[in-house]
Each structure stands twice: as structure tokens, then as C-alpha cells.
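A.B. asks: Pasting a structure here, questions to come.
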Amino acid sequence: MGERDKPWVMRTYAGHSSATASNALYRRNLDKGQTGLSVAFDLPTQTGYDPDHELSRGEVGKVGVPISHIGDMKSLFDSIPLAQMNTSMTINATAMWLLAMYEVTARQQAEAAGEDPDAAVRALAGTTQNDIIKEYLSRGTHVFPPAPSLRLTSDMIAYTVNNIPKWNPVNICSYHLQEAGATPVQEVAFAMATAIEVLDAVRDRGEVPPEKFGDVVARISFFVNAGVRFVEEMCKMRAFVRMWDKLTLERYGVTDTKSRRFRYGVQVNSLGLTETQPENNVQRIVLEMLAVTLSKDARARAVQLPAWNEALGLPRPWDQQWSLRLQQVLAYESDLLEYEDLFNGSAVVEAKVNEIIDGAQAEMDKISELGGAVAAVETGYMKQALVASHSERRQRIESGEDIIVGLNKFTSTEPSPLTADLDTAIQTVDPNVEKAAADAVRTWRQERDSDPEKKAEVQAAIERLKSDASFPDVNLVEASLRCARAGVTTGEWAQALRDVFGEYRAPTGVTGSVGVGEAPTGSRLAQVRDRVHATSEELGQRLRFLVGKPGLDGHSNGAEQVAVRARDVGFEVVYQGIRLTPAQIVKAAIEEDVHAVGVSILSGSHMELVPEILDGLKAAGGGDIPVIVGGIIPESDVTRLRALGVCEVFTPKHHDLTESMGHIVSAIRSRQGLEPDAD
């Protein structure tokens, strides 16, 4: 046996229900050999709302842990010494706020232990994702417009370089780009363009002197995706390494090779995980992990794996343990870490790497001509490119050109013991979690404000934050730290900045030429298009279909693809983007006089939000409008939704959108009293 390299940091992306419950989960995972933490925050925390806000309805504790104030942060890391931990926080729009509370918690831990608080802060290691540009393109948890958002990121980078030198203040994130449909070339190009935008912003703000800019580059990390085409994905990572080294040397003059090292963590692909035959997801996850571990020269520094049942719902601790064990077997039982890079000298690998680099550079040149990544977001260029790529991928799956085992080929199967009881195959969040969190934050504010001194400090901290925000050259971290110490809540911090910066709705990407265009005569697409046209003729007006995204779920990829395919088959599509209230969706449905409403929810809030939409439509005189729901929805909830009056429920197993459009036409004909047609 040769000398073994040190394994990568092993994490599982985790957090749910409450700070106390998540703390218990983290401590169990650490006991199982996990070597770092990866914190999932719930959607209200990610988008800057307290649990009792109207938009938090149905979202509290579902996809992560709610952190409303410094008290929650202390509970989240109780008995976990932060100065000794490596923590990744998947947080973007509110990243500065969560880091401020993390630092204050670390200081308080050190003080309680009789240790030096400043030393504890300097020892903090970990990452805040903090890549806001990809939020406009894929994940959808942005709050503020691009310019102030970049300012928050730049302020954090400058602060951490000077005060928390082991912290990675930003994770340039291509993970969600691939989830939104990016090809390897697009993933590399868009991520690198984002990095340029961030680094240029830091340089131009002037808070970091030129001689320390190498320290900035050294703390920039990346968070990438790895799909099942693991040879291509491995070559993509080697392309990333070369392009980053060249960029940081030539554009930013960083001469230290260690500072130019491409440092990345990875969450392997969730887009390709299937609801049908979900046991196949295990081998998919292993292949995807190999893409970022096999090549020593481009090996990930940290890896977190999804669980086999991600397409079904929230994984249980046992499911997360299985994913952790996959990493441990590879790292400790195999001989992978005993060898130098396995692919150096491979002509096949070299050709593929060069192909990706050439394609990515051409795409980066195009983005540069548009004025950079922010301009490419604001014009809709990058978003439309992702929607188009995702549409092409989906069409290849529908046609069978791309084979997904168990989904569009080899679909016959034996009953799976893993899913024999679907209600226990995933973890469910106690419905009382939301009420408890809302009550808790109200109690926090009331008790805090009942003390005149504390109330005055809160008001002073918020006013300081607003004042600093109004001066573009002032770093906002110190004001945020003051807010954290005073007991300001997440919603209060974000609202103060909303008052100064405003909010932003990103382009949807479903306009323009995205779609299939002409359909061959006799094809299924042409048949559904004929049915839409015939039904429009019978009703005397073109069929209109509203696609709605209620709540805070920003995963809009599915909604966008539904909108594109609905337009392909001849619907007039109404799509207003993400983060709508049920009342707004109802209002749009009535005002636009639509014939069907499609609701997309992936966060698990369907049982709270869909009934509000149904009731709202009935109250507004639109009770005859068929409502179709799509998302990650357990079978028991499918039954409940149908009982409430939902016409159709589509989950990840319904991969054929053309077929789904046919069902929607049938639902419209039924509700309109038309004779059934040949579907």
C-alpha cells in the first residue's frame, strides 16, 4: 500500500424543523464519522422572512432549519465548538446575516469557555455559498437587485479576508446551473463569468489593497455539480482547474500558485434522481461521486451526496447515513487515495478537456460582450440559454434518445422493499413546526422589546444598518454584527435592507425562441397541438394556461419547462415567475380568464398552499377552473389533493410533458362541458 492522501471533507446537507432538532441530527452525523457540517436553511431564512410572515406559510422548517435570531443560531450549534468545526452554510441573499450570527455565536462560545473570542473567530473555517448571480438564474432565493447584492458579497469577502482568514466567503456555485439544464460548457462558462463579476467588484470597491488580492483569490471557492456522465464530468473539473489558474494569473496578476488553486466542494446531481425505481439512484450517486474524486489533480475538497430517496421527499437520518457510508467506503476501503492522478497522459481525456475549455471560453466571450454576468442576467440571456438547454434535455428523454433506466426504458420491476410503505420511506415534518416557530419568534420579539434598553438597542442597530446601506462605500458587516448582538430577527434585518435596496424579480427565461417549433405531422406533440386548437375553436377563444409558483420555493426549472411545453402545444401561457401568494395566483387566473391553473411546488408546502388556491378560486367565481399540481408529492398527499378537487397531480415520474399536456386538455374539456375527444 502506498502513502494515502488525506480524504476530502465529508458532509451531508441537513437541517429541518427546528434548531434543536437539527442540532441533534448534526451531532449524530458527526458521531458517525462526518467530518464537516453542511447546513440547510429553510426558505423563509433564505429569503429574509420570519416564520410568522405571510409568505412563510407552509415553508417553515420544510427544506431546512429556520434561524430567526441569535438564539436560534446558538441552539443550532449547541455543544458543537465552532472554532474546531468546518461548516458550509447554503445561504445567499441573507449570507451576511447568517455569518454575522455565526461569528457572534462563536465569540459567545469562546467567552463561556474562558477562551479568547478573537482567536476563536480567526479559527473559524467553512463556507457561505453567497453566490447571488446563480440565484437569478436557477435557485430563486434572491431578494435584492444585482448591484446591492454584489455589494453584500464584496463586503463579506473584504471582511473575512481581514478578520476570518480561514473562511470561504463565497462559493461560486455551478451546482444549480446544471440542475437548471446547463451543459458542461455552460456550467463552466457561467460560473467563471460569475467569478469574474465578483472579483472585479471586490477589486473595484478598493477595501482590499492590491498586494492582498491574492488572499481574496485564495478564499474563493466553487460549488459544483457532477452528473452521471462521469467521464465528461471529470473532464469538466480538469477544465475548471486550468481555466481558473489561467484567469487568476492573467486577469488578476496572482503569482502564487497555491493562491490560484481551484478549490471546490461538490453536491452530486439531484436532477437525474428518479422517483420510479429509486433504488437505481444509489449507483447513480456512486458514479457521480467518482467524477469528482478519481482525478487527483482535480479532486473535490469537500463532498456531500444526496440520498437515494430525494425524488420522493425529505431523506431520513438513515438515508443520509447510507450516503455518508458511500463516501467512507471509497475513501477508506478502496486504494483510490494511494495513487497520483490516473488520467495524466490520456489523449482521450486531454481532447475532451480542451473541447470544454474552448466551448466555455467562447461562451465567456459572448457574456463579456454583453457587459458581464450581471448584464447577461438582466437581459435574460443566461436564463433563456438554461431554459433552452433544459428543454432540449427533456425532449431527448421524452423521445428515448437519452435513456434513463427505470424511467423511459427497462421499466418493468419487482416490488421494492425500500418503498413498500411510502409514508415511512421519507421523513415528514411535523405540521406543528410552523406554528411553534411563529409563536417562538413573536415571543422573542415581545420579550426583547419589553425591556426598554434592549428595544432601543434593536432600533439603533436597525437604523445603523439602514444608514450604512445608504452609503455605497460603507461595509455592512459591522452593522450586521451589531444587529445580531442586539437580537434583531432575520425578517427585520432583511426588511431594513429591502427598505433601502428594494426587491428584484429576475427574468423567467420562457420568452423568445425557446421551444421545439414545428412538430412533425402525426407526432404526439402534433396530436396534442391539434387537440388544443380544436378545443380553442369549440370555445371560441384560444386556450390560456396559468403556471403559478406559490410560496418561497424558487426551484422554477419544472415550472419553466411546463410553460415552454404548454406554449409548444398551442396554449397561451401566463407565467409571472416565482414567489407568489395564493391570492396573487387567484387574481391572475381571474383577470387573465384562464382555462386551467398549473401549480408547481417542490418544497413540500402543497398541503398548505394548494387548498388556499382552490378556496380562492371558488370565492372569486372560478371554481370551475381545473387546477393541476406538480412537485415532489407523496402518494398519500396525491390522494388528499384529489379529494380537495385537484384535477391532476404530476410528480417526477411523469417525465413526459407532452402526455401531461394531453391530460390538461382533457381536464379543460371536462370542466367546460365539452364532449371527450380522442386523447
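Every chain in the C-alpha cells has a letter given in the order shown (A, B, ...), and although residue numbers restart at 1 in each chain, ligands are simply numbered from 1 in the order shown.
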So which residues touch Val528 of chain A within 9 Å, counting only C-alpha atoms, skipping near sequence neighbours fewer than 6 positions away, as a list of chain:residue names?

C.D. replies: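 The residues satisfying every condition are A:Val569, A:Gly570, A:Thr658, A:Glu659, A:Met661, A:Gly662, A:Val665, A:Asp679.
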
A.B. asks: Show me, as an MDAnalysis selection string, the residues that have an atom within 10 Å of segment 534-540 of chain A when counting only C-alpha atoms, minus same-chain residues fewer than 2 positions from it.

C.D. replies: chainID A and resid 528:532 542:544 570:571 665:666 668:669 672 674 677

A.B. asks: Any chance you could export the current selection's all heavy atoms as a compact mmCIF listing (two decimals), in the first residue's frame?

C.D. replies:
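Once everything was written out, this is out-v7.txt:
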# COMPACT_ATOMS: atom_id res chain seq x y z
N VAL A 528 -51.37 16.55 -29.78
CA VAL A 528 -51.84 17.37 -28.66
C VAL A 528 -52.07 18.80 -29.13
O VAL A 528 -53.05 19.46 -28.72
CB VAL A 528 -50.83 17.33 -27.50
CG1 VAL A 528 -51.28 18.26 -26.37
CG2 VAL A 528 -50.69 15.92 -26.96
N ARG A 529 -51.21 19.30 -30.01
CA ARG A 529 -51.39 20.65 -30.55
C ARG A 529 -52.72 20.74 -31.31
O ARG A 529 -53.45 21.74 -31.19
CB ARG A 529 -50.21 20.98 -31.47
CG ARG A 529 -50.15 22.43 -31.90
CD ARG A 529 -48.93 22.67 -32.76
NE ARG A 529 -47.68 22.66 -31.99
CZ ARG A 529 -46.48 22.81 -32.54
NH1 ARG A 529 -46.36 22.97 -33.85
NH2 ARG A 529 -45.40 22.80 -31.79
N ASP A 530 -53.07 19.70 -32.05
CA ASP A 530 -54.36 19.68 -32.77
C ASP A 530 -55.52 19.71 -31.78
O ASP A 530 -56.54 20.37 -32.03
CB ASP A 530 -54.44 18.45 -33.66
CG ASP A 530 -53.51 18.52 -34.86
OD1 ASP A 530 -53.03 19.63 -35.18
OD2 ASP A 530 -53.25 17.46 -35.47
N ARG A 531 -55.38 19.00 -30.67
CA ARG A 531 -56.45 18.97 -29.67
C ARG A 531 -56.62 20.35 -29.02
O ARG A 531 -57.74 20.79 -28.76
CB ARG A 531 -56.14 17.93 -28.60
CG ARG A 531 -56.17 16.49 -29.08
CD ARG A 531 -55.89 15.53 -27.94
NE ARG A 531 -56.91 15.65 -26.91
CZ ARG A 531 -56.71 15.41 -25.62
NH1 ARG A 531 -55.50 15.07 -25.19
NH2 ARG A 531 -57.70 15.52 -24.76
N VAL A 532 -55.51 21.01 -28.75
CA VAL A 532 -55.59 22.36 -28.18
C VAL A 532 -56.28 23.30 -29.16
O VAL A 532 -57.17 24.09 -28.78
CB VAL A 532 -54.18 22.89 -27.83
CG1 VAL A 532 -54.23 24.38 -27.47
CG2 VAL A 532 -53.57 22.09 -26.69
N ARG A 542 -58.72 31.27 -27.68
CA ARG A 542 -57.51 30.47 -27.50
C ARG A 542 -57.40 30.01 -26.06
O ARG A 542 -57.68 30.78 -25.12
CB ARG A 542 -56.28 31.30 -27.88
CG ARG A 542 -54.99 30.51 -27.87
CD ARG A 542 -53.81 31.38 -28.28
NE ARG A 542 -52.56 30.66 -28.20
CZ ARG A 542 -51.36 31.22 -28.37
NH1 ARG A 542 -51.28 32.53 -28.64
NH2 ARG A 542 -50.26 30.50 -28.28
N LEU A 543 -56.99 28.75 -25.87
CA LEU A 543 -56.84 28.23 -24.51
C LEU A 543 -55.71 28.96 -23.80
O LEU A 543 -54.62 29.14 -24.35
CB LEU A 543 -56.55 26.73 -24.54
CG LEU A 543 -57.67 25.80 -25.00
CD1 LEU A 543 -57.27 24.34 -24.77
CD2 LEU A 543 -58.98 26.09 -24.28
N ARG A 544 -55.98 29.36 -22.56
CA ARG A 544 -54.99 30.06 -21.74
C ARG A 544 -54.68 29.24 -20.50
O ARG A 544 -55.60 28.76 -19.82
CB ARG A 544 -55.49 31.45 -21.35
CG ARG A 544 -55.49 32.44 -22.50
CD ARG A 544 -56.00 33.81 -22.06
NE ARG A 544 -57.39 33.74 -21.62
CZ ARG A 544 -58.43 33.72 -22.45
NH1 ARG A 544 -58.23 33.76 -23.77
NH2 ARG A 544 -59.64 33.66 -21.98
N GLY A 570 -49.58 24.96 -28.09
CA GLY A 570 -50.56 25.93 -28.55
C GLY A 570 -51.29 26.72 -27.50
O GLY A 570 -52.14 27.56 -27.83
N PHE A 571 -51.00 26.49 -26.23
CA PHE A 571 -51.62 27.30 -25.19
C PHE A 571 -51.06 28.73 -25.22
O PHE A 571 -49.89 28.95 -25.56
CB PHE A 571 -51.32 26.74 -23.79
CG PHE A 571 -52.18 25.58 -23.38
CD1 PHE A 571 -51.69 24.28 -23.43
CD2 PHE A 571 -53.47 25.78 -22.91
CE1 PHE A 571 -52.46 23.21 -23.03
CE2 PHE A 571 -54.25 24.72 -22.50
CZ PHE A 571 -53.75 23.42 -22.57
N VAL A 665 -55.58 19.13 -21.36
CA VAL A 665 -56.63 19.42 -22.34
C VAL A 665 -57.90 18.66 -21.98
O VAL A 665 -59.01 19.22 -22.03
CB VAL A 665 -56.17 19.06 -23.77
CG1 VAL A 665 -57.31 19.27 -24.77
CG2 VAL A 665 -54.97 19.90 -24.18
N SER A 666 -57.75 17.40 -21.60
CA SER A 666 -58.93 16.61 -21.21
C SER A 666 -59.63 17.22 -20.01
O SER A 666 -60.87 17.26 -19.95
CB SER A 666 -58.51 15.17 -20.91
OG SER A 666 -57.99 14.52 -22.05
N ILE A 668 -59.66 20.38 -19.13
CA ILE A 668 -60.34 21.60 -19.57
C ILE A 668 -61.65 21.25 -20.27
O ILE A 668 -62.71 21.86 -20.00
CB ILE A 668 -59.43 22.42 -20.49
CG1 ILE A 668 -58.24 22.98 -19.71
CG2 ILE A 668 -60.21 23.55 -21.17
CD1 ILE A 668 -57.19 23.65 -20.58
N ARG A 669 -61.62 20.28 -21.16
CA ARG A 669 -62.84 19.90 -21.89
C ARG A 669 -63.91 19.42 -20.93
O ARG A 669 -65.09 19.76 -21.08
CB ARG A 669 -62.51 18.81 -22.93
CG ARG A 669 -61.59 19.29 -24.05
CD ARG A 669 -61.42 18.20 -25.13
NE ARG A 669 -62.69 17.94 -25.81
CZ ARG A 669 -63.14 18.62 -26.85
NH1 ARG A 669 -62.43 19.63 -27.34
NH2 ARG A 669 -64.29 18.30 -27.42
N GLN A 672 -65.37 22.36 -19.06
CA GLN A 672 -66.12 23.25 -19.95
C GLN A 672 -67.36 22.58 -20.53
O GLN A 672 -68.10 23.19 -21.30
CB GLN A 672 -65.21 23.72 -21.09
CG GLN A 672 -64.07 24.63 -20.66
CD GLN A 672 -64.55 26.01 -20.28
OE1 GLN A 672 -65.61 26.46 -20.70
NE2 GLN A 672 -63.76 26.72 -19.47
N LEU A 674 -67.51 20.01 -22.60
CA LEU A 674 -67.33 19.56 -23.97
C LEU A 674 -67.25 18.04 -24.01
O LEU A 674 -66.84 17.39 -23.04
CB LEU A 674 -66.06 20.16 -24.57
CG LEU A 674 -65.97 21.69 -24.61
CD1 LEU A 674 -64.62 22.12 -25.19
CD2 LEU A 674 -67.12 22.28 -25.42
N ASP A 677 -62.65 14.11 -26.33
CA ASP A 677 -62.07 13.91 -27.66
C ASP A 677 -61.11 12.73 -27.62
O ASP A 677 -60.93 12.09 -26.58
CB ASP A 677 -61.37 15.18 -28.15
CG ASP A 677 -60.21 15.59 -27.24
OD1 ASP A 677 -60.10 15.01 -26.14
OD2 ASP A 677 -59.43 16.48 -27.61

A.B. asks: Please provide the set of residues having any atom within 6 Å of Thr127 of chain A, restricted to only C-alpha atoms, with same-chain residues fewer than 6 positions apart removed, written as a PDB file with C-alpha atoms, in the first residue's frame.

C.D. replies:
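And here's out-v4.pdb as it stands now:
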ATOM      1  CA  SER A  88     -20.765  25.025   4.993  1.00  0.00           C
ATOM      2  CA  TRP A 167     -13.369  31.350   5.895  1.00  0.00           C
ATOM      3  CA  ASN A 168     -14.516  30.991   2.279  1.00  0.00           C
ATOM      4  CA  PRO A 169     -16.869  33.979   1.953  1.00  0.00           C
TER       5      PRO A 169
END

A.B. asks: What gap, in Å, lies between atom CA of Thr490 of chain A and atom CA of Ala436 of chain A?

C.D. replies: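 Between these atoms lies a distance of 16.6 Å.
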
A.B. asks: Among segment 188-437 of chain A, which residues does DSSP mark as strand (DSSP E or B) when it is run on the backbone? Keep the chain and numbering as in the structure and answer as a list in words.

C.D. replies: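 DSSP on the backbone gives strand (DSSP E or B) at Ile220, Ser221, Phe222, Phe223, Val224, Tyr264, Gly265, Val266, Gln267, Ala302, Val303, Gln304, Leu314, Val405, Lys409 and Gln427 of chain A.
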
A.B. asks: Between A:Leu99, A:Ala125, A:Val268, A:Ile157, single out the one closest to Ala83 of chain A, counting only C-alpha atoms.

C.D. replies: A:Ala125

A.B. asks: What does the distance between atom CA of Asp365 of chain A and atom CA of Met192 of chain A come to in Å, to one decimal place?

C.D. replies: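 Atom CA of Met192 of chain A lies at a distance of 11.1 Å from atom CA of Asp365 of chain A.
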
A.B. asks: Excluding Gln361 of chain A and any residue of its chain fewer than 3 positions from it, enumerate the residues within 12 Å of it, using only C-alpha atoms, and give them as a compact mmCIF listing (two decimals) with N, CA, C and O atoms, in the first residue's frame.

C.D. replies:
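The resulting file, result_36.txt, is reproduced below:
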# COMPACT_ATOMS: atom_id res chain seq x y z
N VAL A 185 -20.31 22.83 -20.76
CA VAL A 185 -19.72 24.08 -21.25
C VAL A 185 -20.39 25.28 -20.60
O VAL A 185 -19.73 26.22 -20.15
N GLN A 186 -21.72 25.28 -20.54
CA GLN A 186 -22.44 26.39 -19.91
C GLN A 186 -22.13 26.48 -18.42
O GLN A 186 -21.97 27.58 -17.87
N GLU A 187 -22.04 25.33 -17.77
CA GLU A 187 -21.75 25.34 -16.33
C GLU A 187 -20.41 25.99 -16.05
O GLU A 187 -20.28 26.85 -15.17
N VAL A 188 -19.39 25.62 -16.81
CA VAL A 188 -18.07 26.21 -16.62
C VAL A 188 -18.09 27.70 -16.97
O VAL A 188 -17.61 28.54 -16.21
N ALA A 189 -18.67 28.03 -18.10
CA ALA A 189 -18.64 29.42 -18.58
C ALA A 189 -19.41 30.35 -17.66
O ALA A 189 -18.93 31.44 -17.30
N PHE A 190 -20.62 29.95 -17.25
CA PHE A 190 -21.43 30.83 -16.41
C PHE A 190 -20.81 30.99 -15.03
O PHE A 190 -20.85 32.08 -14.44
N ALA A 191 -20.21 29.91 -14.50
CA ALA A 191 -19.56 30.01 -13.19
C ALA A 191 -18.34 30.91 -13.26
O ALA A 191 -18.11 31.74 -12.37
N MET A 192 -17.54 30.75 -14.29
CA MET A 192 -16.35 31.59 -14.42
C MET A 192 -16.72 33.05 -14.65
O MET A 192 -16.07 33.97 -14.14
N ALA A 193 -17.77 33.30 -15.42
CA ALA A 193 -18.23 34.67 -15.63
C ALA A 193 -18.71 35.28 -14.31
O ALA A 193 -18.49 36.47 -14.04
N ALA A 239 -11.04 20.94 -16.67
CA ALA A 239 -11.14 22.20 -17.42
C ALA A 239 -11.27 23.38 -16.47
O ALA A 239 -10.64 24.43 -16.66
N PHE A 240 -12.08 23.22 -15.43
CA PHE A 240 -12.22 24.26 -14.41
C PHE A 240 -10.84 24.62 -13.82
O PHE A 240 -10.50 25.80 -13.67
N ARG A 242 -7.79 24.29 -15.00
CA ARG A 242 -6.90 25.01 -15.92
C ARG A 242 -7.37 26.44 -16.17
O ARG A 242 -6.56 27.38 -16.19
N MET A 243 -8.67 26.61 -16.35
CA MET A 243 -9.18 27.94 -16.68
C MET A 243 -9.04 28.89 -15.49
O MET A 243 -8.74 30.08 -15.66
N TRP A 244 -9.25 28.38 -14.28
CA TRP A 244 -9.12 29.22 -13.09
C TRP A 244 -7.67 29.65 -12.88
O TRP A 244 -7.39 30.81 -12.57
N LYS A 246 -5.38 30.02 -15.16
CA LYS A 246 -5.04 31.00 -16.20
C LYS A 246 -5.70 32.35 -15.92
O LYS A 246 -5.06 33.41 -16.03
N LEU A 247 -6.97 32.32 -15.54
CA LEU A 247 -7.71 33.56 -15.29
C LEU A 247 -7.09 34.37 -14.15
O LEU A 247 -6.87 35.58 -14.27
N ASN A 354 -9.93 19.94 -23.54
CA ASN A 354 -9.73 21.06 -24.46
C ASN A 354 -11.03 21.47 -25.15
O ASN A 354 -11.28 22.67 -25.38
N GLU A 355 -11.85 20.49 -25.46
CA GLU A 355 -13.15 20.79 -26.08
C GLU A 355 -14.02 21.63 -25.14
O GLU A 355 -14.65 22.62 -25.56
N ILE A 356 -14.05 21.26 -23.86
CA ILE A 356 -14.85 22.01 -22.88
C ILE A 356 -14.27 23.41 -22.68
O ILE A 356 -15.01 24.40 -22.62
N ILE A 357 -12.95 23.50 -22.59
CA ILE A 357 -12.31 24.82 -22.41
C ILE A 357 -12.63 25.73 -23.59
O ILE A 357 -13.00 26.91 -23.40
N ASP A 358 -12.50 25.22 -24.81
CA ASP A 358 -12.76 26.04 -25.99
C ASP A 358 -14.21 26.52 -26.02
O ASP A 358 -14.49 27.70 -26.30
N MET A 364 -17.92 32.54 -22.60
CA MET A 364 -17.49 33.65 -21.74
C MET A 364 -17.26 34.92 -22.55
O MET A 364 -17.57 36.03 -22.10
N ASP A 365 -16.71 34.78 -23.75
CA ASP A 365 -16.50 35.94 -24.61
C ASP A 365 -17.84 36.58 -24.98
O ASP A 365 -17.96 37.82 -25.03
N LYS A 366 -18.86 35.75 -25.21
CA LYS A 366 -20.18 36.26 -25.54
C LYS A 366 -20.76 37.03 -24.36
O LYS A 366 -21.34 38.12 -24.52
N ILE A 367 -20.60 36.48 -23.14
CA ILE A 367 -21.09 37.15 -21.94
C ILE A 367 -20.35 38.47 -21.72
O ILE A 367 -20.94 39.49 -21.35
N SER A 368 -19.05 38.46 -21.98
CA SER A 368 -18.26 39.68 -21.84
C SER A 368 -18.74 40.76 -22.80
O SER A 368 -18.83 41.94 -22.43

A.B. asks: Could you state the separation of atom CA of Leu305 of chain A and atom CA of His176 of chain A in Å, given to one decimal place?

C.D. replies: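 Distance between the two atoms: 14.5 Å.
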
A.B. asks: Extract, using only C-alpha atoms, all DNA, RNA and protein residues at most 10 Å from Pro472 of chain A, discarding same-chain residues fewer than 4 positions from it, and format them as a list in words.

C.D. replies: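 In the requested form, the answer reads Pro148, Arg151, Arg205, Asp468 and Leu476 of chain A.
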
A.B. asks: With all heavy atoms retained, write the just-selected residues as a PDB file, in the first residue's frame.

C.D. replies:
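Written output follows (result-v9.pdb):
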ATOM      1  N   PRO A 148     -26.785  45.942  -5.369  1.00  0.00           N
ATOM      2  CA  PRO A 148     -26.621  45.823  -3.915  1.00  0.00           C
ATOM      3  C   PRO A 148     -26.311  44.402  -3.461  1.00  0.00           C
ATOM      4  O   PRO A 148     -25.639  44.208  -2.440  1.00  0.00           O
ATOM      5  CB  PRO A 148     -27.952  46.316  -3.349  1.00  0.00           C
ATOM      6  CG  PRO A 148     -28.917  46.277  -4.471  1.00  0.00           C
ATOM      7  CD  PRO A 148     -28.119  46.476  -5.717  1.00  0.00           C
ATOM      8  N   ARG A 151     -22.736  44.033  -3.767  1.00  0.00           N
ATOM      9  CA  ARG A 151     -22.100  44.793  -2.691  1.00  0.00           C
ATOM     10  C   ARG A 151     -22.037  43.966  -1.410  1.00  0.00           C
ATOM     11  O   ARG A 151     -21.008  43.932  -0.725  1.00  0.00           O
ATOM     12  CB  ARG A 151     -22.878  46.078  -2.442  1.00  0.00           C
ATOM     13  CG  ARG A 151     -22.370  46.853  -1.223  1.00  0.00           C
ATOM     14  CD  ARG A 151     -23.275  48.002  -0.861  1.00  0.00           C
ATOM     15  NE  ARG A 151     -22.891  48.603   0.407  1.00  0.00           N
ATOM     16  CZ  ARG A 151     -23.544  49.608   0.973  1.00  0.00           C
ATOM     17  NH1 ARG A 151     -24.604  50.129   0.369  1.00  0.00           N
ATOM     18  NH2 ARG A 151     -23.147  50.092   2.136  1.00  0.00           N
ATOM     19  N   ARG A 205     -14.091  47.996  -5.426  1.00  0.00           N
ATOM     20  CA  ARG A 205     -14.519  48.665  -4.191  1.00  0.00           C
ATOM     21  C   ARG A 205     -13.317  49.203  -3.409  1.00  0.00           C
ATOM     22  O   ARG A 205     -13.458  50.132  -2.610  1.00  0.00           O
ATOM     23  CB  ARG A 205     -15.331  47.715  -3.305  1.00  0.00           C
ATOM     24  CG  ARG A 205     -16.776  47.588  -3.741  1.00  0.00           C
ATOM     25  CD  ARG A 205     -17.594  46.721  -2.806  1.00  0.00           C
ATOM     26  NE  ARG A 205     -17.789  47.318  -1.490  1.00  0.00           N
ATOM     27  CZ  ARG A 205     -18.675  48.268  -1.211  1.00  0.00           C
ATOM     28  NH1 ARG A 205     -19.432  48.753  -2.174  1.00  0.00           N
ATOM     29  NH2 ARG A 205     -18.804  48.735   0.006  1.00  0.00           N
ATOM     30  N   ASP A 468     -25.969  52.831   7.025  1.00  0.00           N
ATOM     31  CA  ASP A 468     -24.779  52.339   6.328  1.00  0.00           C
ATOM     32  C   ASP A 468     -25.111  51.869   4.916  1.00  0.00           C
ATOM     33  O   ASP A 468     -24.326  52.063   3.981  1.00  0.00           O
ATOM     34  CB  ASP A 468     -24.144  51.195   7.122  1.00  0.00           C
ATOM     35  CG  ASP A 468     -23.395  51.685   8.358  1.00  0.00           C
ATOM     36  OD1 ASP A 468     -23.391  52.908   8.607  1.00  0.00           O
ATOM     37  OD2 ASP A 468     -22.821  50.840   9.081  1.00  0.00           O
ATOM     38  N   LEU A 476     -21.049  46.658   5.282  1.00  0.00           N
ATOM     39  CA  LEU A 476     -22.239  46.406   6.087  1.00  0.00           C
ATOM     40  C   LEU A 476     -22.084  45.296   7.118  1.00  0.00           C
ATOM     41  O   LEU A 476     -23.025  45.011   7.858  1.00  0.00           O
ATOM     42  CB  LEU A 476     -23.423  46.081   5.165  1.00  0.00           C
ATOM     43  CG  LEU A 476     -23.882  47.232   4.257  1.00  0.00           C
ATOM     44  CD1 LEU A 476     -25.005  46.775   3.336  1.00  0.00           C
ATOM     45  CD2 LEU A 476     -24.344  48.416   5.098  1.00  0.00           C
TER      46      LEU A 476
END

A.B. asks: Pick from A:Thr274, A:Asn162, A:Gln427, A:Asn269: nearest to Val216 of chain A, with only C-alpha atoms counted?

C.D. replies: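 Looking at the shortest contact to Val216 of chain A, the residue is A:Asn162.
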
A.B. asks: Could you check which of A:Leu326, A:Val629, A:Val161, A:Met85 is closest to Pro306 of chain A, using only C-alpha atoms?

C.D. replies: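 Smallest distance to Pro306 of chain A is found for A:Leu326.
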
A.B. asks: Per DSSP on the backbone, what are the helix (DSSP H, G or I) residues of segment 409-546 of chain A, as a PyMOL selection string?

C.D. replies: chain A and resi 417-419+432-449+452-469+477-486+490-501+524-539
